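This is entry_39.cif. It holds mmCIF, C-alpha atoms and all ligand atoms.
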data_data
loop_
_atom_site.label_atom_id
_atom_site.label_comp_id
_atom_site.auth_asym_id
_atom_site.auth_seq_id
_atom_site.Cartn_x
_atom_site.Cartn_y
_atom_site.Cartn_z
CA MET Z 1 -27.36 52.66 17.29
CA THR Z 2 -28.54 54.10 20.60
CA VAL Z 3 -27.41 57.28 22.28
CA GLY Z 4 -25.63 57.09 25.66
CA THR Z 5 -27.57 58.41 28.65
CA ASP Z 6 -25.28 61.41 29.13
CA MET Z 7 -25.69 62.43 25.48
CA GLU Z 8 -29.46 61.90 25.81
CA GLY Z 9 -29.41 64.38 28.67
CA VAL Z 10 -27.38 66.91 26.70
CA MET Z 11 -29.75 66.71 23.72
CA ARG Z 12 -32.82 66.98 25.94
CA ALA Z 13 -31.40 70.01 27.77
CA ALA Z 14 -30.54 71.68 24.47
CA ILE Z 15 -34.05 71.26 23.04
CA GLU Z 16 -35.70 72.27 26.34
CA ALA Z 17 -33.68 75.51 26.20
CA ALA Z 18 -34.18 76.16 22.47
CA VAL Z 19 -37.99 76.21 22.71
CA TRP Z 20 -37.67 79.39 24.83
CA ALA Z 21 -36.23 81.36 21.92
CA PRO Z 22 -38.33 84.33 20.79
CA SER Z 23 -40.34 83.93 17.57
CA VAL Z 24 -42.54 86.22 15.53
CA ASN Z 25 -46.08 86.14 17.01
CA ASN Z 26 -44.83 83.25 19.15
CA THR Z 27 -45.31 80.94 16.18
CA GLN Z 28 -42.42 78.70 17.34
CA PRO Z 29 -41.76 77.66 13.74
CA TRP Z 30 -39.36 74.80 14.48
CA TRP Z 31 -38.91 71.14 15.28
CA PHE Z 32 -35.87 69.08 16.25
CA GLY Z 33 -34.40 65.76 15.22
CA THR Z 34 -32.13 63.65 17.41
CA SER Z 35 -29.88 60.75 16.47
CA ALA Z 36 -26.72 58.94 17.47
CA TYR Z 37 -23.47 60.02 15.88
CA GLY Z 38 -20.46 57.70 15.61
CA GLN Z 39 -19.53 55.60 18.66
CA ASP Z 40 -20.70 57.79 21.54
CA GLY Z 41 -21.69 61.09 19.98
CA ALA Z 42 -25.10 62.59 19.26
CA ARG Z 43 -26.62 64.81 16.61
CA VAL Z 44 -29.39 67.36 17.00
CA SER Z 45 -30.93 68.90 13.91
CA LEU Z 46 -33.02 72.05 13.68
CA HIS Z 47 -35.84 72.20 11.13
CA SER Z 48 -38.23 74.97 10.18
CA ASP Z 49 -41.95 74.20 10.26
CA SER Z 50 -43.27 76.07 7.25
CA GLU Z 51 -46.89 75.40 8.28
CA ARG Z 52 -46.18 78.02 10.95
CA ARG Z 53 -44.82 80.62 8.58
CA LEU Z 54 -46.88 83.84 8.40
CA ASP Z 55 -47.80 83.62 4.70
CA ILE Z 56 -49.16 87.17 4.50
CA ALA Z 57 -46.76 89.04 6.82
CA ASP Z 58 -43.70 86.94 6.05
CA PRO Z 59 -44.10 85.25 2.64
CA ASP Z 60 -40.36 84.67 2.16
CA GLY Z 61 -40.00 83.13 5.60
CA ARG Z 62 -37.42 85.72 6.63
CA GLU Z 63 -38.87 86.25 10.11
CA MET Z 64 -39.38 82.50 10.41
CA LEU Z 65 -35.66 82.00 9.84
CA VAL Z 66 -34.69 84.84 12.19
CA SER Z 67 -36.81 83.08 14.84
CA CYS Z 68 -35.16 79.73 14.06
CA GLY Z 69 -31.74 81.42 14.26
CA ALA Z 70 -32.58 82.42 17.83
CA ALA Z 71 -33.45 78.77 18.56
CA LEU Z 72 -30.15 77.67 16.95
CA PHE Z 73 -28.08 79.97 19.15
CA THR Z 74 -29.92 78.64 22.20
CA LEU Z 75 -29.27 75.01 21.19
CA ARG Z 76 -25.55 75.75 20.84
CA LEU Z 77 -25.45 77.63 24.13
CA ALA Z 78 -27.14 74.80 26.05
CA VAL Z 79 -24.70 72.23 24.65
CA GLN Z 80 -21.78 74.47 25.66
CA ALA Z 81 -23.31 74.92 29.11
CA ARG Z 82 -23.08 71.12 29.48
CA GLY Z 83 -19.34 71.34 28.71
CA TYR Z 84 -19.27 70.31 25.03
CA GLU Z 85 -18.34 72.31 21.95
CA PRO Z 86 -20.85 71.34 19.23
CA ARG Z 87 -19.78 71.11 15.57
CA VAL Z 88 -22.38 73.18 13.77
CA ARG Z 89 -23.28 73.08 10.08
CA VAL Z 90 -25.76 75.71 8.91
CA LEU Z 91 -27.99 74.83 5.90
CA PRO Z 92 -26.02 71.61 5.41
CA GLU Z 93 -28.11 70.06 2.61
CA PRO Z 94 -29.21 72.45 -0.17
CA ASP Z 95 -31.89 70.04 -1.40
CA ARG Z 96 -33.48 69.90 2.08
CA PRO Z 97 -34.30 73.61 2.69
CA GLY Z 98 -36.23 72.83 5.88
CA LEU Z 99 -33.11 71.42 7.52
CA LEU Z 100 -31.59 74.60 8.91
CA ALA Z 101 -28.68 73.27 10.91
CA ASP Z 102 -27.21 70.28 12.59
CA LEU Z 103 -25.11 70.08 15.71
CA VAL Z 104 -22.80 67.18 16.29
CA ILE Z 105 -21.93 66.62 19.92
CA ASP Z 106 -18.74 64.65 20.22
CA PRO Z 107 -17.90 63.69 23.82
CA ALA Z 108 -14.21 64.23 23.02
CA ALA Z 109 -14.82 67.88 21.98
CA GLU Z 110 -15.00 69.73 25.25
CA ALA Z 111 -15.89 73.43 25.41
CA GLU Z 112 -12.96 75.82 25.23
CA PRO Z 113 -11.47 76.46 28.66
CA GLY Z 114 -12.36 79.84 30.16
CA VAL Z 115 -15.68 80.32 28.34
CA GLY Z 116 -17.67 78.63 31.13
CA PRO Z 117 -18.77 81.65 33.19
CA GLU Z 118 -19.78 83.66 30.13
CA ILE Z 119 -21.81 80.74 28.74
CA GLU Z 120 -23.41 80.13 32.16
CA ARG Z 121 -24.37 83.78 32.45
CA LEU Z 122 -26.23 83.74 29.13
CA TYR Z 123 -27.71 80.27 29.69
CA ARG Z 124 -29.29 81.37 32.99
CA GLN Z 125 -31.30 83.98 31.04
CA VAL Z 126 -32.83 81.60 28.50
CA LYS Z 127 -36.11 81.08 30.41
CA VAL Z 128 -36.03 84.44 32.18
CA ARG Z 129 -35.83 86.69 29.10
CA ARG Z 130 -39.18 88.15 28.01
CA SER Z 131 -40.23 90.49 25.24
CA HIS Z 132 -41.45 93.83 26.53
CA ARG Z 133 -44.32 95.86 25.06
CA GLY Z 134 -44.52 99.40 26.36
CA ALA Z 135 -42.46 102.17 27.94
CA PHE Z 136 -39.21 101.68 29.85
CA GLU Z 137 -38.13 102.98 33.24
CA GLN Z 138 -35.95 106.05 33.37
CA ARG Z 139 -32.43 104.69 33.08
CA VAL Z 140 -29.59 105.42 30.76
CA VAL Z 141 -28.10 102.26 29.32
CA PRO Z 142 -24.33 102.56 29.96
CA THR Z 143 -22.17 102.90 26.84
CA ALA Z 144 -20.06 99.93 27.95
CA VAL Z 145 -23.16 97.72 27.97
CA LEU Z 146 -24.18 98.91 24.49
CA THR Z 147 -20.67 98.19 23.23
CA ALA Z 148 -20.85 94.68 24.70
CA LEU Z 149 -24.26 94.10 23.09
CA ARG Z 150 -22.90 95.19 19.71
CA GLU Z 151 -20.03 92.75 20.12
CA GLU Z 152 -22.44 89.92 20.91
CA ALA Z 153 -24.39 90.46 17.66
CA HIS Z 154 -21.15 90.85 15.71
CA ARG Z 155 -19.80 87.53 16.97
CA GLU Z 156 -22.69 85.79 15.19
CA GLY Z 157 -22.26 87.60 11.87
CA ALA Z 158 -24.89 90.29 12.47
CA GLU Z 159 -24.70 93.94 13.55
CA LEU Z 160 -26.57 95.80 16.25
CA PHE Z 161 -26.95 99.19 14.63
CA LEU Z 162 -27.72 101.86 17.25
CA VAL Z 163 -29.97 104.72 16.16
CA SER Z 164 -29.25 107.67 18.43
CA ASP Z 165 -29.98 110.68 16.21
CA PRO Z 166 -33.36 112.06 17.45
CA ARG Z 167 -34.55 112.68 13.87
CA GLU Z 168 -33.72 109.12 12.83
CA ARG Z 169 -35.48 107.75 15.92
CA ARG Z 170 -38.58 109.79 15.03
CA ALA Z 171 -38.42 108.59 11.42
CA LEU Z 172 -38.31 104.94 12.52
CA ALA Z 173 -41.17 105.49 14.95
CA ALA Z 174 -43.18 107.08 12.12
CA PHE Z 175 -42.45 104.15 9.78
CA THR Z 176 -43.61 101.76 12.51
CA GLU Z 177 -46.86 103.70 12.87
CA VAL Z 178 -47.41 103.75 9.08
CA ALA Z 179 -46.81 99.99 8.86
CA GLU Z 180 -49.11 99.30 11.80
CA GLN Z 181 -51.93 101.34 10.24
CA LEU Z 182 -51.48 99.72 6.80
CA GLN Z 183 -51.59 96.29 8.41
CA ARG Z 184 -54.74 97.21 10.34
CA LEU Z 185 -56.34 98.11 6.97
CA ASP Z 186 -55.46 94.76 5.40
CA PRO Z 187 -58.13 92.09 6.07
CA GLU Z 188 -55.85 89.21 5.08
CA TYR Z 189 -53.13 90.41 7.43
CA GLN Z 190 -55.67 90.88 10.21
CA ALA Z 191 -57.10 87.38 9.73
CA GLU Z 192 -53.62 85.86 9.88
CA ALA Z 193 -52.68 87.82 13.01
CA ALA Z 194 -55.96 86.81 14.68
CA ARG Z 195 -55.11 83.12 14.19
CA TRP Z 196 -52.06 83.69 16.42
CA ALA Z 197 -53.87 85.72 19.10
CA PRO Z 198 -56.45 83.46 20.74
CA PRO Z 199 -59.32 84.79 22.85
CA PRO Z 200 -58.58 84.84 26.59
CA GLY Z 201 -59.40 81.80 28.66
CA ARG Z 202 -58.39 79.15 26.13
CA HIS Z 203 -55.45 77.00 27.08
CA ARG Z 204 -52.82 77.55 24.43
CA SER Z 205 -49.12 76.75 24.21
CA GLU Z 206 -48.37 79.01 21.23
CA GLY Z 207 -49.25 82.45 19.92
CA MET Z 208 -49.96 85.73 21.66
CA VAL Z 209 -51.94 84.68 24.73
CA GLU Z 210 -53.67 87.40 26.73
CA ARG Z 211 -50.99 87.78 29.37
CA SER Z 212 -48.29 88.43 26.76
CA TYR Z 213 -49.46 91.94 25.76
CA PRO Z 214 -50.82 94.90 27.70
CA ALA Z 215 -54.53 95.75 27.58
CA GLU Z 216 -53.67 99.40 27.08
CA GLU Z 217 -50.91 100.68 24.83
CA ALA Z 218 -48.34 102.74 26.74
CA PHE Z 219 -47.18 105.77 24.77
CA THR Z 220 -43.57 106.86 24.54
CA SER Z 221 -41.87 109.81 22.90
CA PRO Z 222 -41.10 109.09 20.12
CA HIS Z 223 -43.78 106.39 20.01
CA PHE Z 224 -43.25 102.98 18.40
CA ALA Z 225 -46.66 101.44 17.73
CA THR Z 226 -47.41 98.11 19.42
CA ARG Z 227 -48.98 95.39 17.32
CA ASP Z 228 -52.75 95.26 17.68
CA PHE Z 229 -52.95 91.71 19.03
CA ALA Z 230 -56.45 92.16 20.54
CA GLN Z 231 -57.83 93.81 17.35
CA GLY Z 232 -60.00 96.23 19.27
CA ARG Z 233 -61.28 93.78 21.86
CA PRO Z 234 -60.81 94.39 25.60
CA TRP Z 235 -58.08 91.74 25.92
CA GLY Z 236 -54.58 91.88 27.38
CA ALA Z 237 -52.77 92.12 30.70
CA ARG Z 238 -53.82 94.95 33.02
CA GLU Z 239 -50.77 96.47 34.60
CA ASP Z 240 -49.68 99.57 36.50
CA ARG Z 241 -47.62 101.78 34.32
CA PRO Z 242 -45.97 105.19 34.55
CA PRO Z 243 -47.85 108.17 33.09
CA ASP Z 244 -47.58 108.79 29.32
CA PRO Z 245 -45.40 109.60 27.55
CA GLY Z 246 -42.93 107.06 28.91
CA ILE Z 247 -39.33 106.34 27.96
CA THR Z 248 -38.69 104.95 24.46
CA GLY Z 249 -35.27 103.50 25.38
CA VAL Z 250 -32.36 102.75 23.07
CA VAL Z 251 -33.51 102.25 19.47
CA ALA Z 252 -31.53 99.70 17.49
CA ILE Z 253 -31.73 97.56 14.36
CA ILE Z 254 -30.23 94.12 13.85
CA THR Z 255 -28.73 94.25 10.36
CA THR Z 256 -26.80 91.88 8.11
CA ARG Z 257 -24.54 92.48 5.12
CA GLY Z 258 -26.40 90.10 2.86
CA ASP Z 259 -30.05 89.09 2.80
CA ASP Z 260 -30.21 85.37 2.14
CA ARG Z 261 -31.30 82.47 4.33
CA ALA Z 262 -27.88 82.16 5.98
CA ASP Z 263 -28.01 85.89 6.82
CA TRP Z 264 -31.47 85.52 8.38
CA LEU Z 265 -30.21 82.68 10.56
CA ALA Z 266 -27.16 84.77 11.54
CA ALA Z 267 -29.48 87.69 12.40
CA GLY Z 268 -31.49 85.40 14.70
CA GLN Z 269 -28.39 84.03 16.39
CA GLY Z 270 -26.91 87.50 16.89
CA MET Z 271 -30.24 88.80 18.18
CA GLN Z 272 -30.64 86.01 20.73
CA ARG Z 273 -27.03 86.28 21.92
CA MET Z 274 -27.53 90.03 22.36
CA LEU Z 275 -30.95 89.64 24.04
CA LEU Z 276 -29.61 87.13 26.58
CA HIS Z 277 -26.69 89.41 27.39
CA ALA Z 278 -29.11 92.34 27.76
CA SER Z 279 -31.29 90.25 30.06
CA ALA Z 280 -28.25 89.44 32.23
CA GLU Z 281 -27.74 93.23 32.55
CA GLY Z 282 -31.35 93.70 33.69
CA LEU Z 283 -32.51 95.02 30.31
CA SER Z 284 -35.45 93.96 28.15
CA ALA Z 285 -36.18 94.45 24.48
CA ALA Z 286 -39.39 95.49 22.73
CA LEU Z 287 -39.44 94.26 19.12
CA HIS Z 288 -41.27 96.21 16.40
CA THR Z 289 -40.93 94.43 13.10
CA GLN Z 290 -44.08 95.79 11.38
CA PRO Z 291 -42.20 98.19 9.01
CA LEU Z 292 -39.82 95.40 7.98
CA GLU Z 293 -42.82 93.32 6.80
CA ILE Z 294 -43.71 95.94 4.16
CA PRO Z 295 -41.13 95.67 1.35
CA GLU Z 296 -41.23 99.38 0.40
CA LEU Z 297 -40.67 100.50 4.00
CA ARG Z 298 -37.96 97.91 4.57
CA ALA Z 299 -36.12 99.14 1.45
CA LEU Z 300 -36.42 102.75 2.62
CA ILE Z 301 -35.12 101.91 6.09
CA ARG Z 302 -32.20 99.99 4.56
CA VAL Z 303 -31.14 102.78 2.24
CA ARG Z 304 -31.85 105.80 4.46
CA LEU Z 305 -31.27 104.58 8.01
CA CYS Z 306 -29.05 101.46 8.02
CA ARG Z 307 -26.13 102.66 5.89
CA GLY Z 308 -27.04 99.94 3.39
CA GLY Z 309 -27.10 97.03 5.90
CA HIS Z 310 -30.20 94.82 5.54
CA PRO Z 311 -32.57 95.49 8.44
CA GLN Z 312 -33.78 92.27 10.07
CA VAL Z 313 -35.25 93.31 13.45
CA LEU Z 314 -36.14 96.75 14.81
CA LEU Z 315 -36.11 96.98 18.59
CA ARG Z 316 -35.96 99.16 21.69
CA LEU Z 317 -33.90 98.36 24.77
CA GLY Z 318 -34.36 99.51 28.34
CA GLU Z 319 -35.27 98.51 31.85
CA ALA Z 320 -38.83 97.17 32.15
CA ALA Z 321 -40.78 97.64 35.40
CA SER Z 322 -42.57 94.30 35.03
CA ALA Z 323 -42.44 91.22 32.84
CA LEU Z 324 -45.25 89.99 30.58
CA GLY Z 325 -46.14 86.30 30.33
CA THR Z 326 -45.64 83.86 27.47
CA VAL Z 327 -46.20 80.19 26.64
CA ARG Z 328 -44.35 77.42 24.80
CA ARG Z 329 -45.09 73.99 23.34
CA LYS Z 330 -43.56 71.00 25.09
CA PRO Z 331 -40.16 69.84 23.79
CA ASP Z 332 -41.43 66.23 23.44
CA GLU Z 333 -44.06 67.34 20.91
CA LEU Z 334 -41.32 68.92 18.80
CA THR Z 335 -38.71 66.20 18.81
CA ASP Z 336 -38.40 63.31 16.37
CA GLU Z 337 -35.89 60.51 16.64
CA GLU Z 338 -34.08 60.33 13.31
CA VAL Z 339 -32.30 57.27 11.95
C1 LIG V 1 -38.45 87.93 14.10
C2 LIG V 1 -39.28 88.40 15.28
C3 LIG V 1 -40.16 89.47 15.12
C4 LIG V 1 -40.91 89.93 16.21
N1 LIG V 1 -41.74 91.02 16.05
C5 LIG V 1 -42.45 91.49 17.10
C6 LIG V 1 -43.28 92.66 16.96
O1 LIG V 1 -43.34 93.29 15.90
N2 LIG V 1 -43.99 93.06 18.04
C7 LIG V 1 -43.93 92.41 19.24
O2 LIG V 1 -44.59 92.81 20.19
N3 LIG V 1 -43.13 91.31 19.41
C8 LIG V 1 -42.40 90.85 18.37
N4 LIG V 1 -41.59 89.75 18.53
C9 LIG V 1 -41.52 89.09 19.83
C10 LIG V 1 -42.42 87.85 19.89
O3 LIG V 1 -43.77 88.22 19.90
C11 LIG V 1 -42.05 87.02 21.13
O4 LIG V 1 -40.75 86.54 20.99
C12 LIG V 1 -42.98 85.84 21.37
O5 LIG V 1 -44.29 86.29 21.64
C13 LIG V 1 -42.51 84.98 22.56
O6 LIG V 1 -42.47 85.75 23.75
P1 LIG V 1 -41.13 86.03 24.55
O7 LIG V 1 -40.17 86.72 23.64
O8 LIG V 1 -41.54 86.89 25.72
O9 LIG V 1 -40.58 84.69 25.00
C14 LIG V 1 -40.83 89.28 17.46
C15 LIG V 1 -39.94 88.19 17.61
C16 LIG V 1 -39.17 87.76 16.54
C17 LIG V 1 -38.21 86.63 16.73
#
For the file at hand, write its structure as structure tokens.
Ligand SMILES: Cc1cc2nc3c(=O)[nH]c(=O)nc-3n(C[C@H](O)[C@H](O)[C@H](O)COP(=O)(O)O)c2cc1C
Amino acid sequence: MTVGTDMEGVMRAAIEAAVWAPSVNNTQPWWFGTSAYGQDGARVSLHSDSERRLDIADPDGREMLVSCGAALFTLRLAVQARGYEPRVRVLPEPDRPGLLADLVIDPAAEAEPGVGPEIERLYRQVKVRRSHRGAFEQRVVPTAVLTALREEAHREGAELFLVSDPRERRALAAFTEVAEQLQRLDPEYQAEAARWAPPPGRHRSEGMVERSYPAEEAFTSPHFATRDFAQGRPWGAREDRPPDPGITGVVAIITTRGDDRADWLAAGQGMQRMLLHASAEGLSAALHTQPLEIPELRALIRVRLCRGGHPQVLLRLGEAASALGTVRRKPDELTDEEV
């Protein structure tokens, strides 16, 4: 059975949007399947690509699934932006763990009336949103915006847990520094990270290319260590930045009640929904997941700083003076026609 041209266009637009989701070390650990569904419908499936999992930093594939959750939210959003309400099944086949979700697009199932402008607003940010690495501009994030961001994460089954106590912010910054130093001491971790941070000048469509991180680390107070992508080499974007110490911004943790694969996908969906909303408000996020890659530190953060919620992503939010670059693989290379 073939797919109608309109449905072809919807599926293509959805995959073109989904590839812009954030992923740990820009590993883009996903691929997509497309097929016809019923008379005139279509089906898009999202699969993890475990060859791209960070075996040392992320042996359980938790960050891989958080990344894929972000891609899943983006797929859904793009289908809605084309006026259809997709029927989504998450982890639909237990004996196919790589199949993370499928979306059935039925031409008769139109998007709910009234959601259009909200969907459009988020959809416009898909290719604009960028991860930040450094200090933020002086600006207080309005409480109403923070409340809206918390609601966005909550709607996807995750929580955006705001850390405003200065002592707790310092503790999280210290844990990030400890994790960063432990990872710098670990040759296996370093070798894995280096595979995803190519030397400048090479054409790459994945990983941490030179223009995606600053050449010089900008310090904030408290300071959240940036990953050492260049591993001591003089690589990275050269940019004007305010004098140190700069503004840390709002510190927050995406948490979930449980900690299984469905929770990781929910965390990714909630994170992406929240990040796109933040981007529409002129805000960027800097992600610092190093302490969550060390089981002892992750457990400590869960018990002492997340009121028992499972921490999935640690981040800072604020207004960035400039945007870093990034790259993506082409949607065609990631799409397989399924029968
Ligand atoms: C689960 C997850 C963990 C991440 N951890 C970090 C991190 O510790 N440090 C960092 O600088 N960026 C982190 N990122 C951001 C990615 O590096 C970023 O999404 C990727 O390079 C693509 O760039 P973009 O977000 O600007 O599109 C993380 C992203 C995800 C989804």
With distances taken over only C-alpha atoms, which residue among Z:Thr176, Z:Phe32, Z:Val141, Z:Tyr213 lies nearest Glu293 of chain Z?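 Closest candidate: Z:Thr176.
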Around ligand LIG 1 (chain V), out to 6 Å and counting all atoms listed in the file, which residues are there? I want them as a VMD selection string. chain Z and resid 22 to 26 63 66 to 67 130 to 131 133 208 227 287 to 290 326
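Using all atoms listed in the file, the nearest neighbour of Phe224 of chain Z within the list Z:Phe175, Z:Tyr84, Z:Tyr123, Z:Trp31 is Z:Phe175.
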Near-Ile105 of chain Z list (8 Å; only C-alpha atoms; drop same-chain fewer than 4 positions) as number ranges by chain: Z: 7, 37, 41-43, 79, 84-87, 109
Expressed in Å to a single decimal, how great is the separation between atom CA of Val44 of chain Z and atom CA of Glu8 of chain Z?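 One can read the atom CA of Val44 of chain Z to atom CA of Glu8 of chain Z distance as 10.4 Å.
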Restricting the calculation to all atoms listed in the file: of Z:Ile15, Z:Leu122, Z:Leu315, Z:Val209, which residue gets closest to Ala237 of chain Z? Z:Val209
Pick from Z:Pro199, Z:Gly268, Z:Gly232, Z:Gly134 nearest to Ser284 of chain Z, counting all atoms listed in the file: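 The shortest atom-to-atom distance to Ser284 of chain Z comes from Z:Gly134.
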Counting all atoms listed in the file, find the residues whose atoms lie at most 7 Å from (-32.4, 84.9, 15.5) (file coordinates) and write them out as a PDB file with C-alpha atoms, keeping the file's coordinate frame.
ATOM      1  CA  VAL Z  66     -34.690  84.840  12.190  1.00  0.00           C
ATOM      2  CA  SER Z  67     -36.810  83.080  14.840  1.00  0.00           C
ATOM      3  CA  CYS Z  68     -35.160  79.730  14.060  1.00  0.00           C
ATOM      4  CA  GLY Z  69     -31.740  81.420  14.260  1.00  0.00           C
ATOM      5  CA  ALA Z  70     -32.580  82.420  17.830  1.00  0.00           C
ATOM      6  CA  ALA Z  71     -33.450  78.770  18.560  1.00  0.00           C
ATOM      7  CA  LEU Z 265     -30.210  82.680  10.560  1.00  0.00           C
ATOM      8  CA  ALA Z 266     -27.160  84.770  11.540  1.00  0.00           C
ATOM      9  CA  ALA Z 267     -29.480  87.690  12.400  1.00  0.00           C
ATOM     10  CA  GLY Z 268     -31.490  85.400  14.700  1.00  0.00           C
ATOM     11  CA  GLN Z 269     -28.390  84.030  16.390  1.00  0.00           C
ATOM     12  CA  GLY Z 270     -26.910  87.500  16.890  1.00  0.00           C
ATOM     13  CA  MET Z 271     -30.240  88.800  18.180  1.00  0.00           C
ATOM     14  CA  GLN Z 272     -30.640  86.010  20.730  1.00  0.00           C
TER      15      GLN Z 272
END
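Between atom CA of Leu283 of chain Z and atom CA of Ala148 of chain Z there is a distance of 12.9 Å.
With distances taken over all atoms listed in the file, Z:Arg76 is the one residue among Z:Arg211, Z:His203, Z:Arg82, Z:Arg76 lying closest to Glu156 of chain Z.
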Between atom CA of Pro295 of chain Z and atom CA of Arg316 of chain Z, measure the distance and give it in Å to one decimal. 21.3 Å
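Distances from Z:Val250, Z:Ala144, Z:Ala101, Z:Val339 to Val3 of chain Z were compared using only C-alpha atoms, and the smallest one belongs to Z:Val339.
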Starting from the point (-49.8, 98.2, 8.7), work out which residues of protein, DNA or RNA have an atom no more than 10 Å away when counting all atoms listed in the file; state them as an MDAnalysis selection string. chainID Z and resid 57 175:186 189:190 227:228 290:291 293:294
